[in-house]
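Okay, entry-v1.cif now, which holds mmCIF, C-alpha atoms and all ligand atoms:
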data_target
loop_
_atom_site.label_atom_id
_atom_site.label_comp_id
_atom_site.auth_asym_id
_atom_site.auth_seq_id
_atom_site.Cartn_x
_atom_site.Cartn_y
_atom_site.Cartn_z
CA MET A 509 -33.70 -29.38 -11.74
CA LEU A 510 -34.95 -27.85 -15.03
CA ASP A 511 -36.92 -30.15 -17.28
CA VAL A 512 -38.13 -28.71 -20.57
CA GLN A 513 -40.54 -31.21 -22.10
CA ASP A 514 -41.48 -31.00 -25.77
CA ILE A 515 -42.20 -27.27 -25.89
CA HIS A 516 -43.69 -25.52 -28.90
CA VAL A 517 -43.35 -21.77 -29.31
CA PHE A 518 -44.86 -19.48 -31.93
CA TYR A 519 -44.41 -15.90 -33.04
CA GLY A 520 -47.85 -15.26 -34.52
CA GLN A 521 -48.33 -18.12 -37.00
CA SER A 522 -44.63 -18.88 -37.16
CA HIS A 523 -43.86 -22.19 -35.40
CA VAL A 524 -40.34 -21.35 -34.20
CA ILE A 525 -39.74 -23.98 -31.51
CA GLN A 526 -41.01 -27.36 -32.62
CA GLY A 527 -40.86 -29.78 -29.72
CA VAL A 528 -37.71 -28.95 -27.75
CA SER A 529 -36.80 -31.05 -24.70
CA LEU A 530 -33.77 -30.49 -22.52
CA THR A 531 -32.70 -30.91 -18.91
CA VAL A 532 -30.32 -29.14 -16.57
CA ARG A 533 -29.40 -30.99 -13.38
CA GLN A 534 -28.42 -29.37 -10.10
CA GLY A 535 -25.00 -27.69 -10.33
CA GLU A 536 -24.60 -28.63 -13.99
CA VAL A 537 -23.45 -26.37 -16.84
CA VAL A 538 -25.37 -27.07 -20.03
CA CYS A 539 -24.68 -25.42 -23.36
CA LEU A 540 -27.29 -24.76 -26.03
CA LEU A 541 -25.66 -24.23 -29.40
CA GLY A 542 -26.96 -23.64 -32.89
CA ARG A 543 -26.66 -21.36 -35.86
CA ASN A 544 -28.17 -17.89 -35.93
CA GLY A 545 -31.93 -18.12 -36.02
CA ALA A 546 -32.04 -21.73 -34.75
CA GLY A 547 -34.25 -20.70 -31.83
CA LYS A 548 -31.82 -20.54 -28.88
CA SER A 549 -32.96 -17.16 -27.53
CA THR A 550 -36.60 -18.07 -28.03
CA THR A 551 -36.11 -21.26 -26.00
CA MET A 552 -34.63 -19.22 -23.15
CA LYS A 553 -37.36 -16.59 -23.37
CA SER A 554 -39.91 -19.33 -23.22
CA ILE A 555 -38.34 -20.84 -20.08
CA MET A 556 -38.56 -17.37 -18.51
CA GLY A 557 -42.19 -16.91 -19.58
CA LEU A 558 -41.31 -13.97 -21.85
CA VAL A 559 -42.62 -15.86 -24.89
CA PRO A 560 -44.94 -18.46 -23.39
CA ALA A 561 -44.87 -22.00 -24.77
CA ARG A 562 -48.11 -23.02 -26.46
CA GLY A 563 -47.44 -26.73 -26.04
CA GLY A 564 -45.33 -28.92 -23.77
CA ARG A 565 -44.26 -28.37 -20.18
CA ILE A 566 -41.46 -26.62 -18.30
CA VAL A 567 -40.78 -28.04 -14.85
CA PHE A 568 -38.38 -26.48 -12.35
CA LYS A 569 -37.56 -28.34 -9.15
CA GLY A 570 -40.63 -30.51 -9.58
CA GLN A 571 -43.07 -27.64 -10.16
CA ASP A 572 -44.75 -26.77 -13.43
CA ILE A 573 -43.73 -23.21 -14.36
CA THR A 574 -44.99 -23.28 -17.96
CA ALA A 575 -47.83 -20.83 -17.48
CA LEU A 576 -46.30 -18.62 -14.81
CA PRO A 577 -45.60 -14.94 -15.48
CA THR A 578 -41.94 -13.96 -15.72
CA HIS A 579 -41.69 -12.34 -12.27
CA ARG A 580 -43.04 -15.50 -10.62
CA ILE A 581 -40.47 -17.59 -12.51
CA ALA A 582 -37.69 -15.22 -11.39
CA ASP A 583 -38.98 -15.59 -7.82
CA ARG A 584 -38.09 -19.27 -8.08
CA ASN A 585 -34.43 -18.37 -8.39
CA ILE A 586 -34.04 -18.68 -12.12
CA CYS A 587 -32.09 -15.66 -13.41
CA PHE A 588 -31.80 -14.69 -17.05
CA VAL A 589 -28.99 -12.49 -18.35
CA PRO A 590 -30.16 -11.35 -21.78
CA GLU A 591 -27.88 -10.69 -24.73
CA ASP A 592 -28.37 -6.91 -24.37
CA ARG A 593 -27.27 -7.19 -20.69
CA GLY A 594 -30.02 -4.93 -19.31
CA ILE A 595 -27.91 -2.79 -16.98
CA PHE A 596 -28.76 0.75 -15.87
CA ARG A 597 -26.32 2.98 -17.74
CA LEU A 598 -26.89 6.09 -15.60
CA LEU A 599 -26.39 4.31 -12.26
CA THR A 600 -23.01 3.37 -10.86
CA VAL A 601 -21.80 -0.21 -10.82
CA GLU A 602 -22.48 -0.43 -7.10
CA GLU A 603 -25.97 1.06 -7.47
CA ASN A 604 -26.74 -1.45 -10.22
CA LEU A 605 -25.72 -4.27 -7.90
CA LYS A 606 -27.57 -2.94 -4.87
CA LEU A 607 -30.77 -2.50 -6.88
CA ALA A 608 -30.65 -6.16 -7.82
CA ALA A 609 -30.19 -7.32 -4.22
CA HIS A 610 -32.70 -9.89 -3.09
CA ALA A 611 -33.90 -10.46 0.46
CA GLY A 612 -32.38 -13.63 1.85
CA SER A 613 -29.72 -13.82 -0.86
CA ASP A 614 -26.52 -15.51 0.22
CA TRP A 615 -24.56 -13.28 -2.19
CA SER A 616 -23.26 -10.04 -0.71
CA LEU A 617 -21.65 -7.15 -2.58
CA ASP A 618 -18.29 -8.40 -1.31
CA ASP A 619 -18.98 -11.84 -2.75
CA ILE A 620 -19.69 -10.27 -6.13
CA TYR A 621 -16.51 -8.21 -5.92
CA ARG A 622 -14.50 -11.32 -5.05
CA VAL A 623 -15.77 -13.02 -8.21
CA PHE A 624 -15.35 -9.87 -10.30
CA PRO A 625 -12.49 -7.72 -8.91
CA ARG A 626 -12.91 -5.43 -11.93
CA LEU A 627 -16.37 -4.46 -10.71
CA HIS A 628 -14.85 -3.44 -7.41
CA GLU A 629 -12.32 -1.25 -9.23
CA ARG A 630 -15.12 0.29 -11.28
CA ARG A 631 -17.74 0.44 -8.51
CA ARG A 632 -18.12 4.22 -8.67
CA ASN A 633 -18.28 4.38 -12.47
CA GLY A 634 -21.56 4.63 -14.35
CA GLY A 635 -22.85 1.52 -16.11
CA GLY A 636 -22.62 3.39 -19.41
CA GLN A 637 -18.89 4.04 -18.89
CA LEU A 638 -17.98 0.37 -18.76
CA SER A 639 -16.42 -1.65 -21.56
CA GLY A 640 -18.51 -4.41 -23.12
CA GLY A 641 -16.76 -7.05 -21.01
CA GLU A 642 -17.28 -5.08 -17.81
CA GLN A 643 -20.94 -4.60 -18.67
CA GLN A 644 -21.28 -8.34 -19.08
CA MET A 645 -19.61 -8.89 -15.70
CA LEU A 646 -22.03 -6.39 -14.16
CA ALA A 647 -25.00 -8.12 -15.76
CA ILE A 648 -23.87 -11.45 -14.31
CA GLY A 649 -23.13 -9.77 -10.96
CA ARG A 650 -26.65 -8.35 -10.90
CA ALA A 651 -28.07 -11.79 -11.58
CA LEU A 652 -26.01 -13.26 -8.74
CA MET A 653 -27.43 -10.69 -6.32
CA ASN A 654 -30.74 -12.47 -6.90
CA ALA A 655 -29.29 -15.69 -5.48
CA PRO A 656 -30.03 -17.84 -8.50
CA GLU A 657 -30.06 -21.60 -8.41
CA LEU A 658 -30.15 -21.58 -12.20
CA LEU A 659 -28.44 -18.88 -14.24
CA ILE A 660 -29.41 -18.55 -17.89
CA LEU A 661 -26.86 -16.68 -19.99
CA ASP A 662 -27.52 -15.59 -23.58
CA GLU A 663 -24.19 -15.38 -25.46
CA PRO A 664 -22.25 -13.76 -22.62
CA VAL A 665 -18.98 -13.38 -24.54
CA GLU A 666 -20.32 -12.31 -27.92
CA GLY A 667 -18.27 -9.51 -29.44
CA LEU A 668 -15.70 -9.45 -26.62
CA ALA A 669 -11.92 -9.53 -27.03
CA PRO A 670 -10.28 -12.95 -26.42
CA VAL A 671 -8.55 -11.79 -23.23
CA ILE A 672 -11.89 -10.67 -21.77
CA VAL A 673 -13.54 -13.89 -22.93
CA ASP A 674 -10.91 -15.83 -20.95
CA GLU A 675 -11.56 -13.69 -17.89
CA ILE A 676 -15.32 -14.22 -18.04
CA VAL A 677 -14.84 -17.98 -18.50
CA GLU A 678 -12.66 -18.09 -15.37
CA ARG A 679 -15.30 -16.11 -13.44
CA LEU A 680 -18.06 -18.44 -14.62
CA LYS A 681 -16.01 -21.38 -13.35
CA LEU A 682 -15.96 -19.75 -9.89
CA ILE A 683 -19.73 -19.32 -10.04
CA ARG A 684 -20.14 -22.97 -11.03
CA GLU A 685 -18.02 -23.96 -8.02
CA ARG A 686 -20.67 -22.35 -5.79
CA GLY A 687 -23.10 -24.97 -7.05
CA ILE A 688 -25.12 -22.73 -9.36
CA ALA A 689 -26.44 -24.48 -12.44
CA ILE A 690 -25.88 -22.61 -15.70
CA LEU A 691 -27.74 -22.88 -18.99
CA LEU A 692 -25.55 -21.18 -21.54
CA ILE A 693 -26.42 -20.10 -25.06
CA GLU A 694 -23.11 -19.86 -26.80
CA GLN A 695 -21.56 -19.96 -30.24
CA ASN A 696 -17.93 -19.90 -29.12
CA LEU A 697 -16.99 -23.59 -29.05
CA GLU A 698 -13.93 -23.09 -26.92
CA VAL A 699 -16.03 -21.41 -24.24
CA CYS A 700 -18.59 -24.22 -24.42
CA THR A 701 -16.07 -27.00 -24.02
CA GLN A 702 -14.24 -25.23 -21.19
CA LEU A 703 -17.39 -24.76 -19.15
CA ALA A 704 -20.12 -27.22 -19.99
CA ASP A 705 -20.86 -30.72 -18.72
CA ARG A 706 -23.29 -31.38 -21.57
CA HIS A 707 -24.27 -29.84 -24.89
CA TYR A 708 -27.40 -29.61 -27.02
CA ILE A 709 -27.52 -28.39 -30.61
CA LEU A 710 -30.65 -26.72 -31.87
CA GLU A 711 -31.46 -26.52 -35.55
CA SER A 712 -34.63 -24.99 -37.01
CA GLY A 713 -36.39 -25.20 -33.67
CA ARG A 714 -35.51 -28.83 -32.92
CA ILE A 715 -32.79 -30.49 -30.83
CA VAL A 716 -30.68 -32.41 -33.33
CA TYR A 717 -27.76 -33.44 -31.11
CA GLU A 718 -27.01 -34.09 -27.45
CA ASN A 719 -23.76 -35.24 -25.85
CA ASP A 720 -21.57 -34.95 -22.78
CA ASN A 721 -18.51 -32.73 -22.97
CA ALA A 722 -16.04 -35.54 -23.68
CA GLY A 723 -18.14 -36.89 -26.55
CA PHE A 724 -18.81 -33.42 -27.94
CA THR A 725 -15.16 -32.40 -27.80
CA ALA A 726 -14.12 -35.53 -29.70
CA ASP A 727 -16.87 -35.19 -32.30
CA ASN A 728 -15.49 -32.88 -35.00
CA GLY A 729 -17.88 -34.07 -37.69
CA ILE A 730 -20.93 -32.91 -35.80
CA LYS A 731 -19.55 -29.41 -35.50
CA ASP A 732 -19.04 -29.14 -39.26
CA LYS A 733 -22.51 -30.52 -39.84
CA TYR A 734 -24.46 -28.32 -37.46
CA LEU A 735 -22.34 -25.37 -36.42
CA SER A 736 -20.14 -24.39 -39.34
CA VAL A 737 -21.55 -20.94 -40.21
CA GLY A 738 -21.14 -18.27 -37.59
CA ALA A 739 -20.19 -20.75 -34.91
CA GLU A 740 -16.47 -20.97 -35.26
CA THR A 741 -14.23 -19.97 -32.41
CA PRO A 742 -12.97 -16.49 -33.29
CA PRO A 743 -9.27 -16.38 -34.21
CA ARG A 744 -6.93 -15.44 -31.37
N1 LIG A 801 -40.04 -11.25 -31.95
C1 LIG A 801 -40.01 -12.07 -33.00
N2 LIG A 801 -41.03 -12.10 -33.89
C2 LIG A 801 -41.01 -12.92 -34.95
N3 LIG A 801 -40.03 -13.79 -35.23
C3 LIG A 801 -38.99 -13.82 -34.39
C4 LIG A 801 -38.92 -12.97 -33.24
N4 LIG A 801 -37.75 -13.22 -32.58
C5 LIG A 801 -37.12 -14.17 -33.28
N5 LIG A 801 -37.86 -14.53 -34.37
C6 LIG A 801 -37.53 -15.57 -35.36
O1 LIG A 801 -37.50 -16.81 -34.66
C7 LIG A 801 -36.43 -17.62 -35.11
C8 LIG A 801 -35.55 -18.01 -33.93
O2 LIG A 801 -34.91 -16.81 -33.43
P1 LIG A 801 -33.98 -16.81 -32.14
O3 LIG A 801 -33.62 -15.40 -31.86
O4 LIG A 801 -34.62 -17.62 -31.08
O5 LIG A 801 -32.73 -17.62 -32.70
P2 LIG A 801 -31.27 -17.76 -32.10
O6 LIG A 801 -30.89 -19.17 -32.29
O7 LIG A 801 -31.25 -17.22 -30.71
O8 LIG A 801 -30.45 -16.84 -33.07
P3 LIG A 801 -29.35 -15.71 -32.77
O9 LIG A 801 -28.11 -16.45 -32.42
O10 LIG A 801 -29.27 -14.99 -34.07
O11 LIG A 801 -29.89 -14.86 -31.64
C9 LIG A 801 -35.71 -16.84 -36.20
O12 LIG A 801 -36.20 -17.26 -37.44
C10 LIG A 801 -36.11 -15.41 -35.91
O13 LIG A 801 -36.14 -14.66 -37.10
#

Is it possible to express this structure as structure tokens?
Amino acid sequence: MLDVQDIHVFYGQSHVIQGVSLTVRQGEVVCLLGRNGAGKSTTMKSIMGLVPARGGRIVFKGQDITALPTHRIADRNICFVPEDRGIFRLLTVEENLKLAAHAGSDWSLDDIYRVFPRLHERRRNGGGQLSGGEQQMLAIGRALMNAPELLILDEPVEGLAPVIVDEIVERLKLIRERGIAILLIEQNLEVCTQLADRHYILESGRIVYENDNAGFTADNGIKDKYLSVGAETPPR
């Protein structure tokens, strides 16, 4: 479905992504891990055309999207939920969701509320009045209103309390069951292994490890080698 082929991305002269290749198949959850500064967010921004790749190709459902502007990429049903969540703080939850609605979407408001009952409870509250976890749910809900086939999530549980992390993981499982593929940037290993079919580890702008979930879960050495600092599962 998504085929990232040997992309190179620069900030000015700085060669941040140095030949990254990865794939996400239909309905699959794929995790991209790596220490702070490894290049995870830049890879996602490049897929979305926010920081265009200077080399390599990005193919989505057989079509080359490498040089497309961001809005044209979003039109192809790839939805990006950035780390800062990007919700409208002065609009209510329901207004935030309605604004994101997409003609022809098979996700209704009721569907979103079924996945996130908390958003239904908070539907008349302003976006700025929500807790961090609720804001994240709203950001994902907004993305779903766009009827994504591929959802790209940048550290969706960062900074959230364990009980909220568990809730978001359960909600993401429901979304996966609807056949939506998910590319997940995540540093919480427990979240990764609960959700993902496959994992990639990025280090200094290169993919240094790839495995399926069973292999990754069994492979403790690799975690110490590539993910030790800042990538531990927070204590419960
Ligand atoms: N706008 C920018 N201009 C210049 N350099 C940048 C910019 N954004 C990120 N970088 C640099 O690019 C490298 C990769 O950053 P990126 O944010 O992609 O890493 P990351 O793996 O997502 O890290 P984190 O988990 O901290 O978000 C880092 O060295 C970072 O300092």

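Nearest to Gly535 of chain A of all the residues A:Asp720, A:Arg562, A:Ile690, A:Ile709 is A:Ile690, counting only C-alpha atoms.
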
Distance filter 9 Å around ligand LIG 801 (chain A), atoms: all atoms listed in the file, out as an mmCIF file with C-alpha atoms, in the frame of the given file:
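Generated file (selection.cif):
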data_model
loop_
_atom_site.group_PDB
_atom_site.id
_atom_site.type_symbol
_atom_site.label_atom_id
_atom_site.label_comp_id
_atom_site.auth_asym_id
_atom_site.auth_seq_id
_atom_site.Cartn_x
_atom_site.Cartn_y
_atom_site.Cartn_z
ATOM 1 C CA PHE A 518 -44.860 -19.480 -31.930
ATOM 2 C CA TYR A 519 -44.410 -15.900 -33.040
ATOM 3 C CA GLY A 520 -47.850 -15.260 -34.520
ATOM 4 C CA SER A 522 -44.630 -18.880 -37.160
ATOM 5 C CA HIS A 523 -43.860 -22.190 -35.400
ATOM 6 C CA VAL A 524 -40.340 -21.350 -34.200
ATOM 7 C CA ILE A 525 -39.740 -23.980 -31.510
ATOM 8 C CA LEU A 541 -25.660 -24.230 -29.400
ATOM 9 C CA GLY A 542 -26.960 -23.640 -32.890
ATOM 10 C CA ARG A 543 -26.660 -21.360 -35.860
ATOM 11 C CA ASN A 544 -28.170 -17.890 -35.930
ATOM 12 C CA GLY A 545 -31.930 -18.120 -36.020
ATOM 13 C CA ALA A 546 -32.040 -21.730 -34.750
ATOM 14 C CA GLY A 547 -34.250 -20.700 -31.830
ATOM 15 C CA LYS A 548 -31.820 -20.540 -28.880
ATOM 16 C CA SER A 549 -32.960 -17.160 -27.530
ATOM 17 C CA THR A 550 -36.600 -18.070 -28.030
ATOM 18 C CA THR A 551 -36.110 -21.260 -26.000
ATOM 19 C CA MET A 552 -34.630 -19.220 -23.150
ATOM 20 C CA LYS A 553 -37.360 -16.590 -23.370
ATOM 21 C CA VAL A 559 -42.620 -15.860 -24.890
ATOM 22 C CA GLU A 591 -27.880 -10.690 -24.730
ATOM 23 C CA ASP A 662 -27.520 -15.590 -23.580
ATOM 24 C CA GLU A 663 -24.190 -15.380 -25.460
ATOM 25 C CA ILE A 693 -26.420 -20.100 -25.060
ATOM 26 C CA GLU A 694 -23.110 -19.860 -26.800
ATOM 27 C CA GLN A 695 -21.560 -19.960 -30.240
ATOM 28 C CA LEU A 710 -30.650 -26.720 -31.870
ATOM 29 C CA GLU A 711 -31.460 -26.520 -35.550
ATOM 30 C CA SER A 712 -34.630 -24.990 -37.010
ATOM 31 C CA GLY A 713 -36.390 -25.200 -33.670
ATOM 32 C CA GLY A 738 -21.140 -18.270 -37.590
#

Write out, as a Markdown table, each residue of segment 596-635 of chain A that has an atom at most 6 Å from segment 652-661 of chain A, together with the closest pair of atoms and their distance in Å to one decimal, counting all atoms listed in the file, rows going by chain and rising number.
| residue | atom | partner | partner_atom | distance |
| --- | --- | --- | --- | --- |
| A:Ala608 | CA | A:Met653 | CA | 5.8 |
| A:Ala609 | CA | A:Met653 | CA | 4.8 |
| A:His610 | CA | A:Asn654 | CA | 5.0 |
| A:Ser613 | CA | A:Ala655 | CA | 5.0 |
| A:Trp615 | CA | A:Met653 | CA | 5.7 |

- [ ] Excluding Ile515 of chain A and residues on its chain fewer than 4 positions from it, collect all residues at most 10 Å away from it, counting only C-alpha atoms, and give them as a PyMOL selection string.
- [x] chain A and resi 525-530+551+554-555+560-566+574+713-714

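If all atoms listed in the file are the atoms counted, then among A:Leu692, A:Leu510, A:Ala669, A:Cys587 the closest residue to Gln534 of chain A is A:Leu510.
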
Task: One-decimal distance in Å that lies between atom CA of Asp705 of chain A and atom CA of Ile573 of chain A - done: 24.5 Å

Open item on the list: Can you measure atom CA of Gln702 of chain A to atom CA of Val623 of chain A for me? One decimal in Å is fine.
Closed with: 17.9 Å

TODO: Could you give me, as a list in words, the residues within 12 Å of Ile730 of chain A, counting all atoms listed in the file and dropping anything in the same chain fewer than 4 positions from it?
DONE: Leu541, Gly542, His707, Tyr708, Ile709, Val716, Tyr717, Glu718, Asn719, Gly723, Phe724, Thr725, Ala726, Tyr734, Leu735 and Ser736 of chain A

Write the selection just made, keeping C-alpha atoms, as a PDB file, in the coordinates of the input?
ATOM      1  CA  LEU A 541     -25.660 -24.230 -29.400  1.00  0.00           C
ATOM      2  CA  GLY A 542     -26.960 -23.640 -32.890  1.00  0.00           C
ATOM      3  CA  HIS A 707     -24.270 -29.840 -24.890  1.00  0.00           C
ATOM      4  CA  TYR A 708     -27.400 -29.610 -27.020  1.00  0.00           C
ATOM      5  CA  ILE A 709     -27.520 -28.390 -30.610  1.00  0.00           C
ATOM      6  CA  VAL A 716     -30.680 -32.410 -33.330  1.00  0.00           C
ATOM      7  CA  TYR A 717     -27.760 -33.440 -31.110  1.00  0.00           C
ATOM      8  CA  GLU A 718     -27.010 -34.090 -27.450  1.00  0.00           C
ATOM      9  CA  ASN A 719     -23.760 -35.240 -25.850  1.00  0.00           C
ATOM     10  CA  GLY A 723     -18.140 -36.890 -26.550  1.00  0.00           C
ATOM     11  CA  PHE A 724     -18.810 -33.420 -27.940  1.00  0.00           C
ATOM     12  CA  THR A 725     -15.160 -32.400 -27.800  1.00  0.00           C
ATOM     13  CA  ALA A 726     -14.120 -35.530 -29.700  1.00  0.00           C
ATOM     14  CA  TYR A 734     -24.460 -28.320 -37.460  1.00  0.00           C
ATOM     15  CA  LEU A 735     -22.340 -25.370 -36.420  1.00  0.00           C
ATOM     16  CA  SER A 736     -20.140 -24.390 -39.340  1.00  0.00           C
TER      17      SER A 736
END

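Here the question is which of A:Arg679, A:Arg706, A:Arg684, A:Arg584 gets nearest to Arg622 of chain A using all atoms listed in the file, and that residue is A:Arg679.
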
TODO: Go ahead and find all residues with at least one atom no further than 12 Å from (-18.6, -6.9, -30.6) in the file's coordinates, using all atoms listed in the file; report them as JSON, numbers by chain.
DONE: {"A": [591, 592, 639, 640, 641, 644, 663, 664, 665, 666, 667, 668, 669, 670, 672, 673, 742]}

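For the set A:Leu682, A:Cys539, A:Leu697, A:Ile715, the residue with the smallest atom-to-atom gap to Asp732 of chain A is A:Leu697, counting only C-alpha atoms.
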
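Pairwise distance (atom CA of Val677 of chain A, atom CA of Glu629 of chain A) equals 19.3 Å.
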
TODO: Considering all atoms listed in the file, state which residue in the set A:Asn633, A:Ile586, A:Ala611, A:Pro577 is at the smallest distance from Ala651 of chain A.
DONE: A:Ile586

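For the residues A:Ala689, A:Val538, A:Cys700, A:Leu605, ranking by smallest atom-to-atom distance to Asn585 of chain A using all atoms listed in the file places A:Ala689 first.
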
Open item on the list: Can you tell me which residues surround Phe624 of chain A at a distance of at most 8 Å, considering all atoms listed in the file, apart from same-chain residues fewer than 3 positions away, and format the answer as a PyMOL selection string?
Closed with: chain A and resi 620-621+627-628+645+649+679
